[in-house]
Amino acid sequence: MKISFIGGGNMAEAIIGGLQAQGFSMAALQVVEPLDGRRASLSERYGVRCCAAVDASVLACDALVLAVKPQQMRTAVAPLAGCLTDHLVISIAAGLRLEALSGWLGGYRKLVRAMPNTPALIRAGITGLYASPALAADDRASAEAILAAVGGTVWLEDEAQMDAVTALSGSGPAYVFYLLEALIAAGEREGLAAATARQLAIETFVGAALLARQSEESLATLRERVTSKGGTTAAALAAFAEAGLAAAMQRGVAAAAHRSRELADQLGATTA
């Protein structure tokens, strides 16, 4: 499979690096990137062909990964309109609905929408994927193979669910960092050195997450196993419940999903 990237930013590089780690031929990849320094860096690091604009060689591919910011997408894909034949087009632009992208591409429909998150930079991400039910199974498999280079993948049945994916996993790393900051600060208040509190908090998050991923038991069961009646964990959980931590998390995710829908509406309004 030959893949061309439109945009050579961090997420595009993460995918390229993931493909390289899986043994994918770098000769089969190309990147369109307007910044000279960025082109030079990608060429030197991965040995991929880079160019400043779409040309015939870029279009001689099986899949195009659109890795530019949503506000820049219309300009970035303008050279592709009317030039696509049987290409699989994968957009990783947050909040950009396929209807808008199709409009900018002259009605082209062989499209996949993807929402990766920043742990993809270390190949530990999770990506939500959506495509029209009419998209062929082999095209779905190709899209999944490309995004699987940076972590897990989840297919959605309804594009509207992408707003929830954006709110939960797309923005989710920031929530984790926020909670870690709070946990570290709490440890410092209890007398721990900053470096010690940081190490304890981060390793606890990593270990608990790995345990949850590997266990067949529910999160509630895992939580209960740590919580002795009348013990220290029970005291902490009671304080969290009194403060409304779970409800606050739900409100935050709902606010992010609402904003995702607003941004998608704004981007879609520019299709005319």
# chains A, B, ... in the order shown; residues from 1 in each chain; ligands from 1

call {"tool": "residues_around", "arguments": {"residues": "A:Ile6", "least_positions_apart": "3", "cutoff": "7 Å", "atoms": "only C-alpha atoms", "output": "PyMOL selection string"}}
result
chain A and resi 31-33+65-68

call {"tool": "select_by_dssp", "arguments": {"residues": "stretch 15-238 of chain A", "states": "alpha helix (DSSP H)", "output": "PyMOL selection string"}}
result
chain A and resi 15-21+36-46+56-59+73-77+98-104+137-147+161-165+172-189+194-214+219-226+232-238

call {"tool": "select_by_dssp", "arguments": {"residues": "stretch 55-187 of chain A", "states": "strand (DSSP E or B)", "output": "NGL selection string"}}
result
:A and (63-66 or 88-91 or 111-115 or 125-131 or 151-155)

call {"tool": "residues_around", "arguments": {"residues": "stretch 245-253 of chain A", "least_positions_apart": "6", "cutoff": "8 Å", "atoms": "only C-alpha atoms", "output": "PyMOL selection string"}}
result
chain A and resi 164+167-168

call {"tool": "residues_around", "arguments": {"residues": "A:Met115", "least_positions_apart": "2", "cutoff": "7 Å", "atoms": "only C-alpha atoms", "output": "PDB file with N, CA and C atoms, in the first residue's frame"}}
result
ATOM      1  N   ILE A  92      -7.737  13.047   9.694  1.00  0.00           N
ATOM      2  CA  ILE A  92      -7.540  13.014  11.133  1.00  0.00           C
ATOM      3  C   ILE A  92      -7.761  14.402  11.733  1.00  0.00           C
ATOM      4  N   ALA A  94      -9.726  17.066  13.635  1.00  0.00           N
ATOM      5  CA  ALA A  94     -10.764  17.045  14.671  1.00  0.00           C
ATOM      6  C   ALA A  94     -11.951  17.917  14.270  1.00  0.00           C
ATOM      7  N   ARG A 113     -13.180   9.055   8.524  1.00  0.00           N
ATOM      8  CA  ARG A 113     -12.869  10.073   9.530  1.00  0.00           C
ATOM      9  C   ARG A 113     -12.229   9.387  10.734  1.00  0.00           C
ATOM     10  N   ASN A 117      -5.554  10.293  19.457  1.00  0.00           N
ATOM     11  CA  ASN A 117      -5.220  11.199  20.551  1.00  0.00           C
ATOM     12  C   ASN A 117      -3.713  11.267  20.735  1.00  0.00           C
ATOM     13  N   THR A 127      -7.784   5.409  18.613  1.00  0.00           N
ATOM     14  CA  THR A 127      -8.382   6.174  17.523  1.00  0.00           C
ATOM     15  C   THR A 127      -9.807   5.721  17.271  1.00  0.00           C
ATOM     16  N   GLY A 128     -10.721   6.665  17.258  1.00  0.00           N
ATOM     17  CA  GLY A 128     -12.084   6.389  16.824  1.00  0.00           C
ATOM     18  C   GLY A 128     -12.170   6.557  15.322  1.00  0.00           C
ATOM     19  N   LEU A 129     -12.839   5.627  14.635  1.00  0.00           N
ATOM     20  CA  LEU A 129     -12.942   5.645  13.177  1.00  0.00           C
ATOM     21  C   LEU A 129     -14.405   5.607  12.763  1.00  0.00           C
ATOM     22  N   THR A 166     -14.264  12.519  20.616  1.00  0.00           N
ATOM     23  CA  THR A 166     -13.420  13.702  20.786  1.00  0.00           C
ATOM     24  C   THR A 166     -13.384  14.137  22.243  1.00  0.00           C
ATOM     25  N   GLY A 170     -10.183  11.958  22.733  1.00  0.00           N
ATOM     26  CA  GLY A 170      -9.411  13.005  22.069  1.00  0.00           C
ATOM     27  C   GLY A 170      -8.901  14.036  23.061  1.00  0.00           C
TER      28      GLY A 170
END

call {"tool": "residues_around", "arguments": {"residues": "A:Gly152", "least_positions_apart": "2", "cutoff": "9 Å", "atoms": "only C-alpha atoms", "output": "list in words"}}
result
Arg123, Ala124, Gly125, Ile126, Thr127, Gly128, Leu147, Ala148, Ala149, Val150 and Val154 of chain A

call {"tool": "residues_around", "arguments": {"residues": "A:Trp104", "least_positions_apart": "6", "cutoff": "8 Å", "atoms": "only C-alpha atoms", "output": "number ranges by chain"}}
result
A: 74, 77-78, 81, 271

call {"tool": "closest_residue", "arguments": {"among": "A:Ile3, A:Pro70, A:Ser132, A:Ser91", "to": "A:Arg49", "atoms": "only C-alpha atoms"}}
result
A:Ile3

call {"tool": "residues_around", "arguments": {"residues": "stretch 177-186 of chain A", "least_positions_apart": "2", "cutoff": "12 Å", "atoms": "only C-alpha atoms", "output": "PyMOL selection string"}}
result
chain A and resi 118-119+171-175+188-206+236+245+249

call {"tool": "write_last_selection", "arguments": {"atoms": "N, CA, C and O atoms", "output": "mmCIF file, in the first residue's frame"}}
result
data_model
loop_
_atom_site.group_PDB
_atom_site.id
_atom_site.type_symbol
_atom_site.label_atom_id
_atom_site.label_comp_id
_atom_site.auth_asym_id
_atom_site.auth_seq_id
_atom_site.Cartn_x
_atom_site.Cartn_y
_atom_site.Cartn_z
ATOM 1 N N THR A 118 -3.247 12.174 21.582
ATOM 2 C CA THR A 118 -1.813 12.469 21.625
ATOM 3 C C THR A 118 -0.916 11.319 22.092
ATOM 4 O O THR A 118 0.260 11.296 21.699
ATOM 5 N N PRO A 119 -1.384 10.343 22.896
ATOM 6 C CA PRO A 119 -0.489 9.216 23.174
ATOM 7 C C PRO A 119 -0.066 8.454 21.917
ATOM 8 O O PRO A 119 0.826 7.603 21.982
ATOM 9 N N SER A 171 -9.799 14.533 23.909
ATOM 10 C CA SER A 171 -9.424 15.490 24.957
ATOM 11 C C SER A 171 -8.954 14.789 26.223
ATOM 12 O O SER A 171 -8.371 15.421 27.109
ATOM 13 N N GLY A 172 -9.223 13.493 26.336
ATOM 14 C CA GLY A 172 -8.980 12.742 27.560
ATOM 15 C C GLY A 172 -7.585 12.839 28.150
ATOM 16 O O GLY A 172 -7.442 12.915 29.380
ATOM 17 N N PRO A 173 -6.512 12.823 27.327
ATOM 18 C CA PRO A 173 -5.185 12.942 27.930
ATOM 19 C C PRO A 173 -5.033 14.190 28.793
ATOM 20 O O PRO A 173 -4.366 14.149 29.836
ATOM 21 N N ALA A 174 -5.680 15.282 28.401
ATOM 22 C CA ALA A 174 -5.610 16.503 29.219
ATOM 23 C C ALA A 174 -6.270 16.294 30.571
ATOM 24 O O ALA A 174 -5.806 16.827 31.591
ATOM 25 N N TYR A 175 -7.360 15.508 30.597
ATOM 26 C CA TYR A 175 -8.013 15.231 31.883
ATOM 27 C C TYR A 175 -7.073 14.442 32.796
ATOM 28 O O TYR A 175 -7.003 14.695 33.998
ATOM 29 N N GLU A 188 2.289 16.637 47.714
ATOM 30 C CA GLU A 188 3.209 17.638 48.240
ATOM 31 C C GLU A 188 2.658 18.284 49.516
ATOM 32 O O GLU A 188 3.401 18.541 50.470
ATOM 33 N N ARG A 189 1.349 18.516 49.536
ATOM 34 C CA ARG A 189 0.737 19.110 50.724
ATOM 35 C C ARG A 189 0.854 18.187 51.938
ATOM 36 O O ARG A 189 0.880 18.639 53.082
ATOM 37 N N GLU A 190 0.940 16.889 51.652
ATOM 38 C CA GLU A 190 1.094 15.927 52.746
ATOM 39 C C GLU A 190 2.556 15.696 53.114
ATOM 40 O O GLU A 190 2.867 14.819 53.912
ATOM 41 N N GLY A 191 3.455 16.480 52.532
ATOM 42 C CA GLY A 191 4.847 16.452 52.951
ATOM 43 C C GLY A 191 5.820 15.757 52.026
ATOM 44 O O GLY A 191 7.013 15.662 52.339
ATOM 45 N N LEU A 192 5.336 15.247 50.882
ATOM 46 C CA LEU A 192 6.248 14.577 49.957
ATOM 47 C C LEU A 192 7.022 15.588 49.125
ATOM 48 O O LEU A 192 6.512 16.662 48.782
ATOM 49 N N ALA A 193 8.267 15.231 48.781
ATOM 50 C CA ALA A 193 9.029 16.052 47.843
ATOM 51 C C ALA A 193 8.340 16.020 46.486
ATOM 52 O O ALA A 193 7.699 15.024 46.122
ATOM 53 N N ALA A 194 8.480 17.094 45.722
ATOM 54 C CA ALA A 194 7.788 17.205 44.438
ATOM 55 C C ALA A 194 8.123 16.039 43.509
ATOM 56 O O ALA A 194 7.244 15.456 42.870
ATOM 57 N N ALA A 195 9.406 15.677 43.422
ATOM 58 C CA ALA A 195 9.821 14.602 42.526
ATOM 59 C C ALA A 195 9.242 13.260 42.973
ATOM 60 O O ALA A 195 8.837 12.437 42.149
ATOM 61 N N THR A 196 9.207 13.065 44.283
ATOM 62 C CA THR A 196 8.656 11.814 44.809
ATOM 63 C C THR A 196 7.160 11.725 44.549
ATOM 64 O O THR A 196 6.653 10.675 44.121
ATOM 65 N N ALA A 197 6.447 12.813 44.793
ATOM 66 C CA ALA A 197 5.002 12.843 44.548
ATOM 67 C C ALA A 197 4.706 12.604 43.079
ATOM 68 O O ALA A 197 3.774 11.866 42.736
ATOM 69 N N ARG A 198 5.510 13.188 42.206
ATOM 70 C CA ARG A 198 5.305 13.012 40.761
ATOM 71 C C ARG A 198 5.500 11.560 40.359
ATOM 72 O O ARG A 198 4.685 10.991 39.625
ATOM 73 N N GLN A 199 6.572 10.953 40.828
ATOM 74 C CA GLN A 199 6.846 9.559 40.472
ATOM 75 C C GLN A 199 5.749 8.638 40.984
ATOM 76 O O GLN A 199 5.260 7.757 40.260
ATOM 77 N N LEU A 200 5.337 8.833 42.218
ATOM 78 C CA LEU A 200 4.302 7.986 42.802
ATOM 79 C C LEU A 200 2.983 8.135 42.050
ATOM 80 O O LEU A 200 2.296 7.144 41.761
ATOM 81 N N ALA A 201 2.614 9.372 41.725
ATOM 82 C CA ALA A 201 1.333 9.614 41.056
ATOM 83 C C ALA A 201 1.318 9.027 39.652
ATOM 84 O O ALA A 201 0.377 8.324 39.262
ATOM 85 N N ILE A 202 2.364 9.294 38.876
ATOM 86 C CA ILE A 202 2.389 8.829 37.489
ATOM 87 C C ILE A 202 2.441 7.306 37.427
ATOM 88 O O ILE A 202 1.690 6.679 36.653
ATOM 89 N N GLU A 203 3.298 6.698 38.215
ATOM 90 C CA GLU A 203 3.412 5.238 38.173
ATOM 91 C C GLU A 203 2.134 4.567 38.673
ATOM 92 O O GLU A 203 1.768 3.483 38.206
ATOM 93 N N THR A 204 1.435 5.212 39.608
ATOM 94 C CA THR A 204 0.160 4.670 40.066
ATOM 95 C C THR A 204 -0.867 4.696 38.943
ATOM 96 O O THR A 204 -1.607 3.727 38.736
ATOM 97 N N PHE A 205 -0.932 5.808 38.200
ATOM 98 C CA PHE A 205 -1.853 5.898 37.060
ATOM 99 C C PHE A 205 -1.514 4.846 36.016
ATOM 100 O O PHE A 205 -2.400 4.141 35.516
ATOM 101 N N VAL A 206 -0.236 4.739 35.669
ATOM 102 C CA VAL A 206 0.178 3.784 34.638
ATOM 103 C C VAL A 206 -0.147 2.362 35.076
ATOM 104 O O VAL A 206 -0.733 1.566 34.324
ATOM 105 N N ALA A 236 -11.011 8.477 51.310
ATOM 106 C CA ALA A 236 -10.751 9.317 50.139
ATOM 107 C C ALA A 236 -11.928 9.298 49.176
ATOM 108 O O ALA A 236 -12.370 10.340 48.682
ATOM 109 N N LEU A 245 -17.012 14.685 42.421
ATOM 110 C CA LEU A 245 -15.986 14.486 41.395
ATOM 111 C C LEU A 245 -16.535 13.782 40.161
ATOM 112 O O LEU A 245 -16.262 14.203 39.027
ATOM 113 N N MET A 249 -16.757 15.301 36.309
ATOM 114 C CA MET A 249 -16.162 14.673 35.134
ATOM 115 C C MET A 249 -17.189 14.534 34.022
ATOM 116 O O MET A 249 -16.903 14.802 32.843
#

call {"tool": "atom_distance", "arguments": {"atom1": "atom CA of A:Ala27", "atom2": "atom CA of A:Glu144"}}
result
20.5 Å

call {"tool": "atom_distance", "arguments": {"atom1": "atom CA of A:Thr233", "atom2": "atom CA of A:Ser169"}}
result
26.8 Å

call {"tool": "atom_distance", "arguments": {"atom1": "atom CA of A:Gly17", "atom2": "atom CA of A:Tyr46"}}
result
7.6 Å
